[in-house]
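Coordinates as given in run06.cif (mmCIF, N, CA and C atoms):
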data_target
#
loop_
_atom_site.label_atom_id
_atom_site.label_comp_id
_atom_site.auth_asym_id
_atom_site.auth_seq_id
_atom_site.Cartn_x
_atom_site.Cartn_y
_atom_site.Cartn_z
N ARG A 60 87.03 81.34 105.47
CA ARG A 60 86.85 80.50 104.29
C ARG A 60 87.39 81.20 103.05
N GLY A 61 87.11 82.50 102.90
CA GLY A 61 87.50 83.19 101.68
C GLY A 61 88.63 84.17 101.87
N SER A 62 89.47 83.95 102.89
CA SER A 62 90.55 84.90 103.11
C SER A 62 91.85 84.18 103.45
N THR A 63 92.94 84.92 103.27
CA THR A 63 94.26 84.38 103.60
C THR A 63 94.99 85.37 104.49
N ARG A 64 95.82 84.83 105.36
CA ARG A 64 96.58 85.67 106.30
C ARG A 64 98.00 85.81 105.78
N HIS A 65 98.53 87.03 105.88
CA HIS A 65 99.89 87.32 105.41
C HIS A 65 100.62 88.13 106.47
N VAL A 66 101.87 87.78 106.72
CA VAL A 66 102.73 88.56 107.60
C VAL A 66 103.82 89.16 106.72
N ARG A 67 103.95 90.48 106.77
CA ARG A 67 104.93 91.19 105.94
C ARG A 67 105.84 92.02 106.83
N MET A 68 107.05 92.19 106.37
CA MET A 68 108.05 92.96 107.11
C MET A 68 108.02 94.43 106.69
N ALA A 69 108.55 95.30 107.54
CA ALA A 69 108.64 96.73 107.22
C ALA A 69 109.40 96.89 105.90
N GLY A 70 108.90 97.76 105.06
CA GLY A 70 109.53 98.02 103.77
C GLY A 70 108.98 97.18 102.63
N GLU A 71 108.24 96.11 102.93
CA GLU A 71 107.67 95.27 101.87
C GLU A 71 106.48 95.96 101.23
N VAL A 72 106.40 95.83 99.92
CA VAL A 72 105.29 96.39 99.16
C VAL A 72 104.21 95.32 99.03
N LEU A 73 103.01 95.67 99.43
CA LEU A 73 101.89 94.72 99.38
C LEU A 73 101.19 94.79 98.02
N CYS A 74 100.97 96.00 97.52
CA CYS A 74 100.35 96.18 96.20
C CYS A 74 100.91 97.44 95.57
N GLU A 75 100.91 97.47 94.25
CA GLU A 75 101.48 98.60 93.53
C GLU A 75 100.45 99.31 92.68
N GLU A 76 100.50 100.63 92.70
CA GLU A 76 99.63 101.47 91.90
C GLU A 76 99.71 101.05 90.43
N GLY A 77 98.53 100.86 89.82
CA GLY A 77 98.48 100.48 88.41
C GLY A 77 98.62 99.00 88.14
N ARG A 78 98.78 98.19 89.17
CA ARG A 78 98.90 96.74 89.01
C ARG A 78 97.64 96.06 89.52
N ARG A 79 97.49 94.78 89.19
CA ARG A 79 96.26 94.05 89.52
C ARG A 79 96.31 93.35 90.89
N PRO A 80 97.17 92.37 91.12
CA PRO A 80 97.06 91.62 92.38
C PRO A 80 97.55 92.43 93.57
N PRO A 81 97.13 92.13 94.78
CA PRO A 81 96.08 91.16 95.12
C PRO A 81 94.69 91.74 94.89
N GLU A 82 93.77 90.90 94.45
CA GLU A 82 92.41 91.33 94.18
C GLU A 82 91.57 91.09 95.43
N GLY A 83 91.29 92.11 96.17
CA GLY A 83 90.44 91.92 97.33
C GLY A 83 90.59 92.99 98.37
N LEU A 84 89.88 92.78 99.45
CA LEU A 84 89.84 93.68 100.58
C LEU A 84 90.94 93.28 101.56
N ILE A 85 91.68 94.26 102.06
CA ILE A 85 92.79 93.96 102.97
C ILE A 85 92.48 94.54 104.35
N LEU A 86 92.50 93.67 105.34
CA LEU A 86 92.29 94.05 106.74
C LEU A 86 93.65 94.06 107.42
N VAL A 87 93.96 95.15 108.09
CA VAL A 87 95.21 95.25 108.84
C VAL A 87 94.93 94.75 110.25
N ARG A 88 95.46 93.56 110.55
CA ARG A 88 95.29 92.98 111.89
C ARG A 88 96.22 93.67 112.88
N SER A 89 97.44 93.97 112.44
CA SER A 89 98.38 94.76 113.25
C SER A 89 99.41 95.37 112.31
N GLY A 90 99.99 96.46 112.75
CA GLY A 90 101.00 97.15 111.96
C GLY A 90 100.44 98.39 111.27
N THR A 91 101.30 99.01 110.47
CA THR A 91 100.94 100.23 109.76
C THR A 91 101.44 100.15 108.32
N LEU A 92 100.57 100.54 107.39
CA LEU A 92 100.94 100.62 105.97
C LEU A 92 100.83 102.06 105.51
N SER A 93 101.69 102.42 104.57
CA SER A 93 101.64 103.73 103.94
C SER A 93 101.03 103.56 102.55
N LEU A 94 100.00 104.35 102.24
CA LEU A 94 99.40 104.33 100.92
C LEU A 94 99.90 105.56 100.17
N THR A 95 100.49 105.33 98.98
CA THR A 95 101.03 106.43 98.21
C THR A 95 100.45 106.44 96.80
N ILE A 96 100.39 107.62 96.23
CA ILE A 96 100.00 107.81 94.84
C ILE A 96 101.11 108.62 94.19
N GLY A 97 101.72 108.05 93.17
CA GLY A 97 102.82 108.74 92.50
C GLY A 97 103.97 109.04 93.44
N GLY A 98 104.16 108.18 94.44
CA GLY A 98 105.25 108.37 95.39
C GLY A 98 104.95 109.31 96.54
N VAL A 99 103.77 109.90 96.59
CA VAL A 99 103.38 110.83 97.65
C VAL A 99 102.42 110.13 98.60
N GLU A 100 102.77 110.12 99.89
CA GLU A 100 101.89 109.47 100.87
C GLU A 100 100.58 110.23 100.98
N VAL A 101 99.46 109.47 100.87
CA VAL A 101 98.13 110.07 100.97
C VAL A 101 97.38 109.59 102.21
N ARG A 102 97.85 108.49 102.80
CA ARG A 102 97.13 107.94 103.96
C ARG A 102 97.98 106.87 104.62
N ARG A 103 97.76 106.70 105.91
CA ARG A 103 98.32 105.56 106.64
C ARG A 103 97.17 104.70 107.12
N VAL A 104 97.35 103.40 107.01
CA VAL A 104 96.32 102.44 107.43
C VAL A 104 96.91 101.63 108.58
N THR A 105 96.14 101.54 109.67
CA THR A 105 96.64 100.85 110.86
C THR A 105 95.66 99.77 111.32
N GLU A 106 96.01 99.17 112.44
CA GLU A 106 95.25 98.06 113.01
C GLU A 106 93.74 98.31 113.00
N GLY A 107 93.00 97.31 112.46
CA GLY A 107 91.55 97.37 112.43
C GLY A 107 90.98 98.06 111.21
N GLU A 108 91.82 98.69 110.39
CA GLU A 108 91.32 99.38 109.21
C GLU A 108 91.42 98.48 107.98
N VAL A 109 90.61 98.80 106.98
CA VAL A 109 90.60 98.04 105.73
C VAL A 109 90.80 98.98 104.55
N PHE A 110 91.29 98.42 103.46
CA PHE A 110 91.35 99.15 102.19
C PHE A 110 91.28 98.12 101.08
N GLY A 111 90.99 98.60 99.87
CA GLY A 111 90.85 97.69 98.74
C GLY A 111 89.42 97.37 98.39
N HIS A 112 88.46 98.11 98.97
CA HIS A 112 87.06 97.83 98.67
C HIS A 112 86.76 97.95 97.19
N ASP A 113 87.45 98.85 96.50
CA ASP A 113 87.21 99.01 95.06
C ASP A 113 87.68 97.79 94.27
N MET A 114 88.70 97.09 94.76
CA MET A 114 89.16 95.86 94.11
C MET A 114 88.19 94.71 94.42
N LEU A 115 87.74 94.62 95.66
CA LEU A 115 86.82 93.56 96.05
C LEU A 115 85.51 93.66 95.28
N LEU A 116 85.01 94.88 95.13
CA LEU A 116 83.72 95.09 94.48
C LEU A 116 83.84 95.28 92.97
N ASN A 117 85.04 95.15 92.44
CA ASN A 117 85.32 95.24 91.01
C ASN A 117 85.02 96.62 90.43
N VAL A 118 85.14 97.64 91.27
CA VAL A 118 84.97 99.02 90.81
C VAL A 118 86.21 99.43 90.02
N SER A 119 87.36 98.96 90.48
CA SER A 119 88.62 99.27 89.81
C SER A 119 89.31 97.97 89.44
N LYS A 120 89.92 97.93 88.27
CA LYS A 120 90.63 96.74 87.81
C LYS A 120 92.07 96.71 88.30
N LYS A 121 92.58 97.87 88.73
CA LYS A 121 93.96 97.97 89.19
C LYS A 121 94.01 98.82 90.45
N TRP A 122 95.05 98.62 91.23
CA TRP A 122 95.23 99.39 92.46
C TRP A 122 95.46 100.85 92.12
N THR A 123 94.83 101.74 92.87
CA THR A 123 95.02 103.17 92.66
C THR A 123 96.10 103.73 93.57
N THR A 124 96.60 102.90 94.49
CA THR A 124 97.67 103.31 95.40
C THR A 124 98.71 102.20 95.50
N THR A 125 99.87 102.56 96.02
CA THR A 125 100.88 101.58 96.40
C THR A 125 100.83 101.47 97.91
N ALA A 126 100.76 100.25 98.43
CA ALA A 126 100.73 100.03 99.88
C ALA A 126 102.04 99.40 100.31
N THR A 127 102.74 100.09 101.21
CA THR A 127 104.03 99.63 101.71
C THR A 127 103.97 99.53 103.23
N CYS A 128 104.47 98.43 103.77
CA CYS A 128 104.48 98.25 105.22
C CYS A 128 105.50 99.20 105.85
N VAL A 129 105.04 100.00 106.80
CA VAL A 129 105.91 100.91 107.55
C VAL A 129 106.51 100.14 108.72
N THR A 130 105.71 99.25 109.30
CA THR A 130 106.14 98.40 110.40
C THR A 130 105.82 96.96 109.99
N PRO A 131 106.28 95.96 110.75
CA PRO A 131 105.82 94.60 110.44
C PRO A 131 104.29 94.56 110.48
N CYS A 132 103.67 93.87 109.53
CA CYS A 132 102.21 93.86 109.41
C CYS A 132 101.66 92.45 109.37
N ASP A 133 100.57 92.26 110.06
CA ASP A 133 99.79 91.03 110.01
C ASP A 133 98.50 91.40 109.28
N LEU A 134 98.28 90.80 108.12
CA LEU A 134 97.18 91.20 107.24
C LEU A 134 96.28 90.03 106.91
N GLN A 135 95.02 90.31 106.68
CA GLN A 135 94.06 89.33 106.21
C GLN A 135 93.52 89.84 104.88
N ILE A 136 93.61 89.03 103.82
CA ILE A 136 93.12 89.43 102.51
C ILE A 136 91.90 88.60 102.14
N LEU A 137 90.79 89.29 101.93
CA LEU A 137 89.56 88.65 101.46
C LEU A 137 89.58 88.76 99.94
N ARG A 138 89.88 87.67 99.27
CA ARG A 138 90.05 87.68 97.82
C ARG A 138 88.70 87.74 97.11
N ARG A 139 88.66 88.49 96.03
CA ARG A 139 87.42 88.68 95.26
C ARG A 139 86.85 87.36 94.76
N ARG A 140 87.69 86.50 94.20
CA ARG A 140 87.22 85.24 93.62
C ARG A 140 86.51 84.39 94.69
N LEU A 141 87.10 84.27 95.86
CA LEU A 141 86.50 83.48 96.93
C LEU A 141 85.26 84.17 97.51
N PHE A 142 85.31 85.50 97.59
CA PHE A 142 84.16 86.26 98.06
C PHE A 142 82.98 86.05 97.12
N MET A 143 83.22 86.15 95.81
CA MET A 143 82.16 85.96 94.82
C MET A 143 81.59 84.55 94.89
N SER A 144 82.44 83.57 95.08
CA SER A 144 81.99 82.19 95.19
C SER A 144 81.05 82.02 96.39
N THR A 145 81.40 82.64 97.50
CA THR A 145 80.57 82.57 98.70
C THR A 145 79.22 83.25 98.47
N VAL A 146 79.23 84.41 97.82
CA VAL A 146 77.97 85.12 97.56
C VAL A 146 77.09 84.30 96.61
N ARG A 147 77.68 83.70 95.58
CA ARG A 147 76.90 82.86 94.65
C ARG A 147 76.31 81.65 95.37
N ASP A 148 77.11 81.06 96.26
CA ASP A 148 76.64 79.90 97.02
C ASP A 148 75.45 80.29 97.90
N LEU A 149 75.53 81.46 98.54
CA LEU A 149 74.41 81.92 99.37
C LEU A 149 73.17 82.21 98.52
N ALA A 150 73.39 82.74 97.31
CA ALA A 150 72.25 83.03 96.43
C ALA A 150 71.53 81.76 96.01
N ALA A 151 72.25 80.66 95.95
CA ALA A 151 71.66 79.39 95.51
C ALA A 151 71.19 78.51 96.67
N HIS A 152 71.88 78.58 97.81
CA HIS A 152 71.61 77.61 98.88
C HIS A 152 71.45 78.22 100.27
N GLY A 153 71.27 79.51 100.36
CA GLY A 153 71.13 80.14 101.67
C GLY A 153 69.70 80.12 102.15
N SER A 154 69.50 80.73 103.31
CA SER A 154 68.13 80.90 103.82
C SER A 154 67.42 81.86 102.86
N PRO A 155 66.11 81.96 102.93
CA PRO A 155 65.40 82.89 102.04
C PRO A 155 65.95 84.33 102.10
N ASP A 156 66.25 84.80 103.30
CA ASP A 156 66.81 86.15 103.44
C ASP A 156 68.20 86.24 102.84
N GLU A 157 69.04 85.22 103.09
CA GLU A 157 70.39 85.21 102.52
C GLU A 157 70.35 85.16 101.00
N GLU A 158 69.46 84.32 100.47
CA GLU A 158 69.33 84.21 99.01
C GLU A 158 68.93 85.56 98.40
N ARG A 159 67.95 86.21 98.98
CA ARG A 159 67.47 87.49 98.46
C ARG A 159 68.59 88.54 98.48
N GLU A 160 69.28 88.66 99.61
CA GLU A 160 70.34 89.67 99.73
C GLU A 160 71.54 89.33 98.84
N ALA A 161 71.87 88.05 98.74
CA ALA A 161 72.99 87.64 97.89
C ALA A 161 72.68 87.93 96.42
N LYS A 162 71.46 87.70 96.00
CA LYS A 162 71.07 88.00 94.61
C LYS A 162 71.13 89.49 94.34
N ARG A 163 70.73 90.30 95.29
CA ARG A 163 70.81 91.76 95.14
C ARG A 163 72.26 92.20 95.03
N LEU A 164 73.11 91.61 95.84
CA LEU A 164 74.53 91.94 95.81
C LEU A 164 75.17 91.51 94.49
N LEU A 165 74.78 90.35 93.99
CA LEU A 165 75.33 89.86 92.72
C LEU A 165 75.02 90.79 91.56
N VAL A 166 73.85 91.41 91.57
CA VAL A 166 73.50 92.36 90.51
C VAL A 166 74.55 93.47 90.44
N LEU A 167 74.97 93.95 91.59
CA LEU A 167 75.98 95.02 91.63
C LEU A 167 77.39 94.50 91.35
N LEU A 168 77.71 93.31 91.83
CA LEU A 168 79.08 92.79 91.70
C LEU A 168 79.40 92.26 90.32
N GLU A 169 78.39 91.78 89.59
CA GLU A 169 78.66 91.15 88.30
C GLU A 169 78.46 92.09 87.12
N VAL A 170 78.02 93.30 87.39
CA VAL A 170 77.80 94.25 86.30
C VAL A 170 79.14 94.75 85.77
N THR A 171 79.20 94.97 84.48
CA THR A 171 80.38 95.61 83.91
C THR A 171 79.95 96.99 83.46
N CYS A 172 80.65 97.96 83.93
CA CYS A 172 80.29 99.35 83.68
C CYS A 172 81.24 99.96 82.67
N ASN A 173 80.69 100.52 81.60
CA ASN A 173 81.49 101.24 80.61
C ASN A 173 81.45 102.70 81.02
N GLU A 174 82.55 103.17 81.66
CA GLU A 174 82.58 104.54 82.19
C GLU A 174 82.30 105.57 81.11
N GLU A 175 82.82 105.35 79.91
CA GLU A 175 82.63 106.31 78.83
C GLU A 175 81.14 106.46 78.50
N ARG A 176 80.43 105.34 78.43
CA ARG A 176 79.00 105.38 78.13
C ARG A 176 78.24 106.10 79.24
N VAL A 177 78.63 105.85 80.50
CA VAL A 177 77.96 106.50 81.63
C VAL A 177 78.15 108.00 81.56
N VAL A 178 79.38 108.45 81.33
CA VAL A 178 79.65 109.89 81.26
C VAL A 178 78.87 110.53 80.12
N LEU A 179 78.88 109.89 78.94
CA LEU A 179 78.17 110.44 77.79
C LEU A 179 76.66 110.54 78.02
N SER A 180 76.12 109.67 78.89
CA SER A 180 74.68 109.66 79.12
C SER A 180 74.24 110.66 80.20
N LEU A 181 75.18 111.26 80.91
CA LEU A 181 74.81 112.22 81.94
C LEU A 181 74.32 113.51 81.29
N PRO A 182 73.15 114.02 81.68
CA PRO A 182 72.59 115.22 81.05
C PRO A 182 73.53 116.42 81.05
N ILE A 183 74.32 116.57 82.09
CA ILE A 183 75.21 117.72 82.19
C ILE A 183 76.23 117.77 81.05
N PHE A 184 76.54 116.61 80.43
CA PHE A 184 77.56 116.56 79.38
C PHE A 184 76.98 116.54 77.97
N ARG A 185 75.67 116.65 77.82
CA ARG A 185 75.06 116.63 76.48
C ARG A 185 75.52 117.85 75.69
N GLY A 186 75.89 117.62 74.42
CA GLY A 186 76.31 118.70 73.55
C GLY A 186 77.81 118.95 73.53
N TYR A 187 78.55 118.31 74.43
CA TYR A 187 80.00 118.48 74.45
C TYR A 187 80.67 117.54 73.45
N ASP A 188 81.88 117.86 73.08
CA ASP A 188 82.67 117.07 72.13
C ASP A 188 82.88 115.65 72.68
N PRO A 189 82.46 114.60 71.93
CA PRO A 189 82.61 113.22 72.40
C PRO A 189 84.06 112.82 72.70
N GLU A 190 85.02 113.35 71.96
CA GLU A 190 86.44 113.03 72.23
C GLU A 190 86.86 113.59 73.58
N PHE A 191 86.43 114.82 73.87
CA PHE A 191 86.71 115.44 75.16
C PHE A 191 86.10 114.62 76.30
N LEU A 192 84.84 114.21 76.10
CA LEU A 192 84.17 113.41 77.13
C LEU A 192 84.81 112.05 77.31
N SER A 193 85.33 111.48 76.23
CA SER A 193 86.02 110.20 76.31
C SER A 193 87.25 110.32 77.21
N ILE A 194 87.96 111.43 77.08
CA ILE A 194 89.15 111.66 77.92
C ILE A 194 88.72 111.82 79.38
N ILE A 195 87.65 112.56 79.63
CA ILE A 195 87.15 112.72 81.00
C ILE A 195 86.78 111.37 81.60
N ALA A 196 86.10 110.54 80.80
CA ALA A 196 85.68 109.22 81.29
C ALA A 196 86.88 108.38 81.69
N LYS A 197 87.95 108.46 80.95
CA LYS A 197 89.15 107.67 81.27
C LYS A 197 89.85 108.20 82.51
N LEU A 198 89.71 109.48 82.79
CA LEU A 198 90.37 110.07 83.95
C LEU A 198 89.55 109.93 85.23
N MET A 199 88.24 109.76 85.07
CA MET A 199 87.36 109.67 86.24
C MET A 199 87.44 108.30 86.88
N GLU A 200 87.24 108.26 88.18
CA GLU A 200 87.09 106.98 88.87
C GLU A 200 85.64 106.86 89.26
N MET A 201 84.94 105.88 88.65
CA MET A 201 83.54 105.68 88.94
C MET A 201 83.43 104.78 90.17
N LEU A 202 83.00 105.32 91.29
CA LEU A 202 82.91 104.54 92.52
C LEU A 202 81.51 103.97 92.76
N VAL A 203 80.52 104.50 92.10
CA VAL A 203 79.15 104.01 92.31
C VAL A 203 78.51 103.74 90.96
N TYR A 204 77.89 102.59 90.85
CA TYR A 204 77.15 102.24 89.65
C TYR A 204 75.78 101.77 90.09
N LEU A 205 74.76 102.42 89.61
CA LEU A 205 73.39 102.04 89.96
C LEU A 205 72.73 101.47 88.71
N PRO A 206 72.40 100.17 88.69
CA PRO A 206 71.77 99.59 87.51
C PRO A 206 70.38 100.16 87.30
N GLY A 207 69.96 100.13 86.01
CA GLY A 207 68.60 100.56 85.70
C GLY A 207 68.57 101.88 85.19
#
Kindly transcribe the structure held in the file into structure tokens.
Amino acid sequence: RGSTRHVRMAGEVLCEEGRRPPEGLILVRSGTLSLTIGGVEVRRVTEGEVFGHDMLLNVSKKWTTTATCVTPCDLQILRRRLFMSTVRDLAAHGSPDEEREAKRLLVLLEVTCNEERVVLSLPIFRGYDPEFLSIIAKLMEMLVYLPG
């Protein structure tokens, strides 16, 4: 319901480092992709593996890697917009257990995190120059956000 299937040829770029689309989780049904950062290969993703969780969960606004098909690839993309719609629907109309879990998930998925504020609030950084900490916050990748 919330995913689309794509067949790509060897050499095709699926997503580019620093760009936005596609927004979502990518499942490799068959084939191999090369993930690169700054032109340097950091990982290969093959059949049955997924990547893009940070895009699906809105942890990152842009891709941190470039994904290029090494071989012909059959891919399934679970798009964030459709995923969020499904979670909201379950929160409103699911079974009691589905509603409870969907609401818990929505708390994490709909939060907007200001990385700079989070870094400044960490006790380890108290007393340091705010400009220095601002630069650190921009360079850091925040993978976990715990509300409260």
Task: Close residues, stretch 129-134 of chain A itself excluded, 5 Å, only N, CA and C atoms, min 6 positions apart in chain, as a ChimeraX atom specification - done: /A:64-70,86-93
TODO: Could you check how far atom N of A:Met143 sits from atom CA of A:Val72, in Å to one decimal?
DONE: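 Value for the atom N of A:Met143-atom CA of A:Val72 distance: 24.6 Å.
Remark: for A:Ile96, the closest of the candidate residues A:Leu164, A:Ala126, A:Leu137, A:Ala151 is A:Ala126 (distances computed over all atoms listed in the file).
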Open item on the list: Considering only C-alpha atoms, can you say which of A:Glu190, A:Thr145, A:Trp122, A:Ser154 comes closest to A:Leu73?
Closed with: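 Nearest to A:Leu73: A:Trp122.
Of the listed residues A:Leu115, A:Leu141, A:Leu165, A:Val146, the one whose atoms come nearest to A:Pro81 is A:Leu115, with distances taken using all atoms listed in the file.
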Using only the atoms of stretch 72-88 of chain A listed in the file, plus 8 Å on each side, state the axis-aligned box centre and edge lengths in Å rounded to one decimal, as JSON.
{"center_x": 98.1, "center_y": 96.2, "center_z": 100.5, "size_x": 32.6, "size_y": 26.6, "size_z": 40.7}
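The closest residue to A:Gly83, picked from A:His112, A:Val166, A:Pro155, A:Val118 and counting only C-alpha atoms, is A:His112.
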Open item on the list: Considering only strand (DSSP E) as DSSP defines it on the backbone, what residues of stretch 80-145 of chain A qualify? List them as a VMD selection string.
Closed with: chain A and resid 83 to 89 91 to 96 99 to 105 109 to 110 125 to 128 132 to 138
Residue contacts of A:Ser144 (12 Å, only C-alpha atoms) excluding same-chain residues fewer than 4 positions away, as a PDB file with N, CA and C atoms, in the frame of the given file:
ATOM      1  N   ARG A  60      87.030  81.340 105.470  1.00  0.00           N
ATOM      2  CA  ARG A  60      86.850  80.500 104.290  1.00  0.00           C
ATOM      3  C   ARG A  60      87.390  81.200 103.050  1.00  0.00           C
ATOM      4  N   GLY A  61      87.110  82.500 102.900  1.00  0.00           N
ATOM      5  CA  GLY A  61      87.500  83.190 101.680  1.00  0.00           C
ATOM      6  C   GLY A  61      88.630  84.170 101.870  1.00  0.00           C
ATOM      7  N   SER A  62      89.470  83.950 102.890  1.00  0.00           N
ATOM      8  CA  SER A  62      90.550  84.900 103.110  1.00  0.00           C
ATOM      9  C   SER A  62      91.850  84.180 103.450  1.00  0.00           C
ATOM     10  N   LEU A 137      90.790  89.290 101.930  1.00  0.00           N
ATOM     11  CA  LEU A 137      89.560  88.650 101.460  1.00  0.00           C
ATOM     12  C   LEU A 137      89.580  88.760  99.940  1.00  0.00           C
ATOM     13  N   ARG A 138      89.880  87.670  99.270  1.00  0.00           N
ATOM     14  CA  ARG A 138      90.050  87.680  97.820  1.00  0.00           C
ATOM     15  C   ARG A 138      88.700  87.740  97.110  1.00  0.00           C
ATOM     16  N   ARG A 139      88.660  88.490  96.030  1.00  0.00           N
ATOM     17  CA  ARG A 139      87.420  88.680  95.260  1.00  0.00           C
ATOM     18  C   ARG A 139      86.850  87.360  94.760  1.00  0.00           C
ATOM     19  N   ARG A 140      87.690  86.500  94.200  1.00  0.00           N
ATOM     20  CA  ARG A 140      87.220  85.240  93.620  1.00  0.00           C
ATOM     21  C   ARG A 140      86.510  84.390  94.690  1.00  0.00           C
ATOM     22  N   ASP A 148      77.110  81.060  96.260  1.00  0.00           N
ATOM     23  CA  ASP A 148      76.640  79.900  97.020  1.00  0.00           C
ATOM     24  C   ASP A 148      75.450  80.290  97.900  1.00  0.00           C
ATOM     25  N   LEU A 149      75.530  81.460  98.540  1.00  0.00           N
ATOM     26  CA  LEU A 149      74.410  81.920  99.370  1.00  0.00           C
ATOM     27  C   LEU A 149      73.170  82.210  98.520  1.00  0.00           C
ATOM     28  N   ALA A 150      73.390  82.740  97.310  1.00  0.00           N
ATOM     29  CA  ALA A 150      72.250  83.030  96.430  1.00  0.00           C
ATOM     30  C   ALA A 150      71.530  81.760  96.010  1.00  0.00           C
ATOM     31  N   ALA A 151      72.250  80.660  95.950  1.00  0.00           N
ATOM     32  CA  ALA A 151      71.660  79.390  95.510  1.00  0.00           C
ATOM     33  C   ALA A 151      71.190  78.510  96.670  1.00  0.00           C
ATOM     34  N   HIS A 152      71.880  78.580  97.810  1.00  0.00           N
ATOM     35  CA  HIS A 152      71.610  77.610  98.880  1.00  0.00           C
ATOM     36  C   HIS A 152      71.450  78.220 100.270  1.00  0.00           C
ATOM     37  N   ALA A 161      71.870  88.050  98.740  1.00  0.00           N
ATOM     38  CA  ALA A 161      72.990  87.640  97.890  1.00  0.00           C
ATOM     39  C   ALA A 161      72.680  87.930  96.420  1.00  0.00           C
ATOM     40  N   LEU A 165      74.780  90.350  93.990  1.00  0.00           N
ATOM     41  CA  LEU A 165      75.330  89.860  92.720  1.00  0.00           C
ATOM     42  C   LEU A 165      75.020  90.790  91.560  1.00  0.00           C
ATOM     43  N   LEU A 168      77.710  93.310  91.830  1.00  0.00           N
ATOM     44  CA  LEU A 168      79.080  92.790  91.700  1.00  0.00           C
ATOM     45  C   LEU A 168      79.400  92.260  90.320  1.00  0.00           C
ATOM     46  N   GLU A 169      78.390  91.780  89.590  1.00  0.00           N
ATOM     47  CA  GLU A 169      78.660  91.150  88.300  1.00  0.00           C
ATOM     48  C   GLU A 169      78.460  92.090  87.120  1.00  0.00           C
TER      49      GLU A 169
END
Open item on the list: Under the PyMOL selection byres (((chain A and resi 109 and name CA) around 8) and name CA), which residues of this model are included? Write them out as a PyMOL selection string.
Closed with: chain A and resi 84-87+104+107-108+110-112
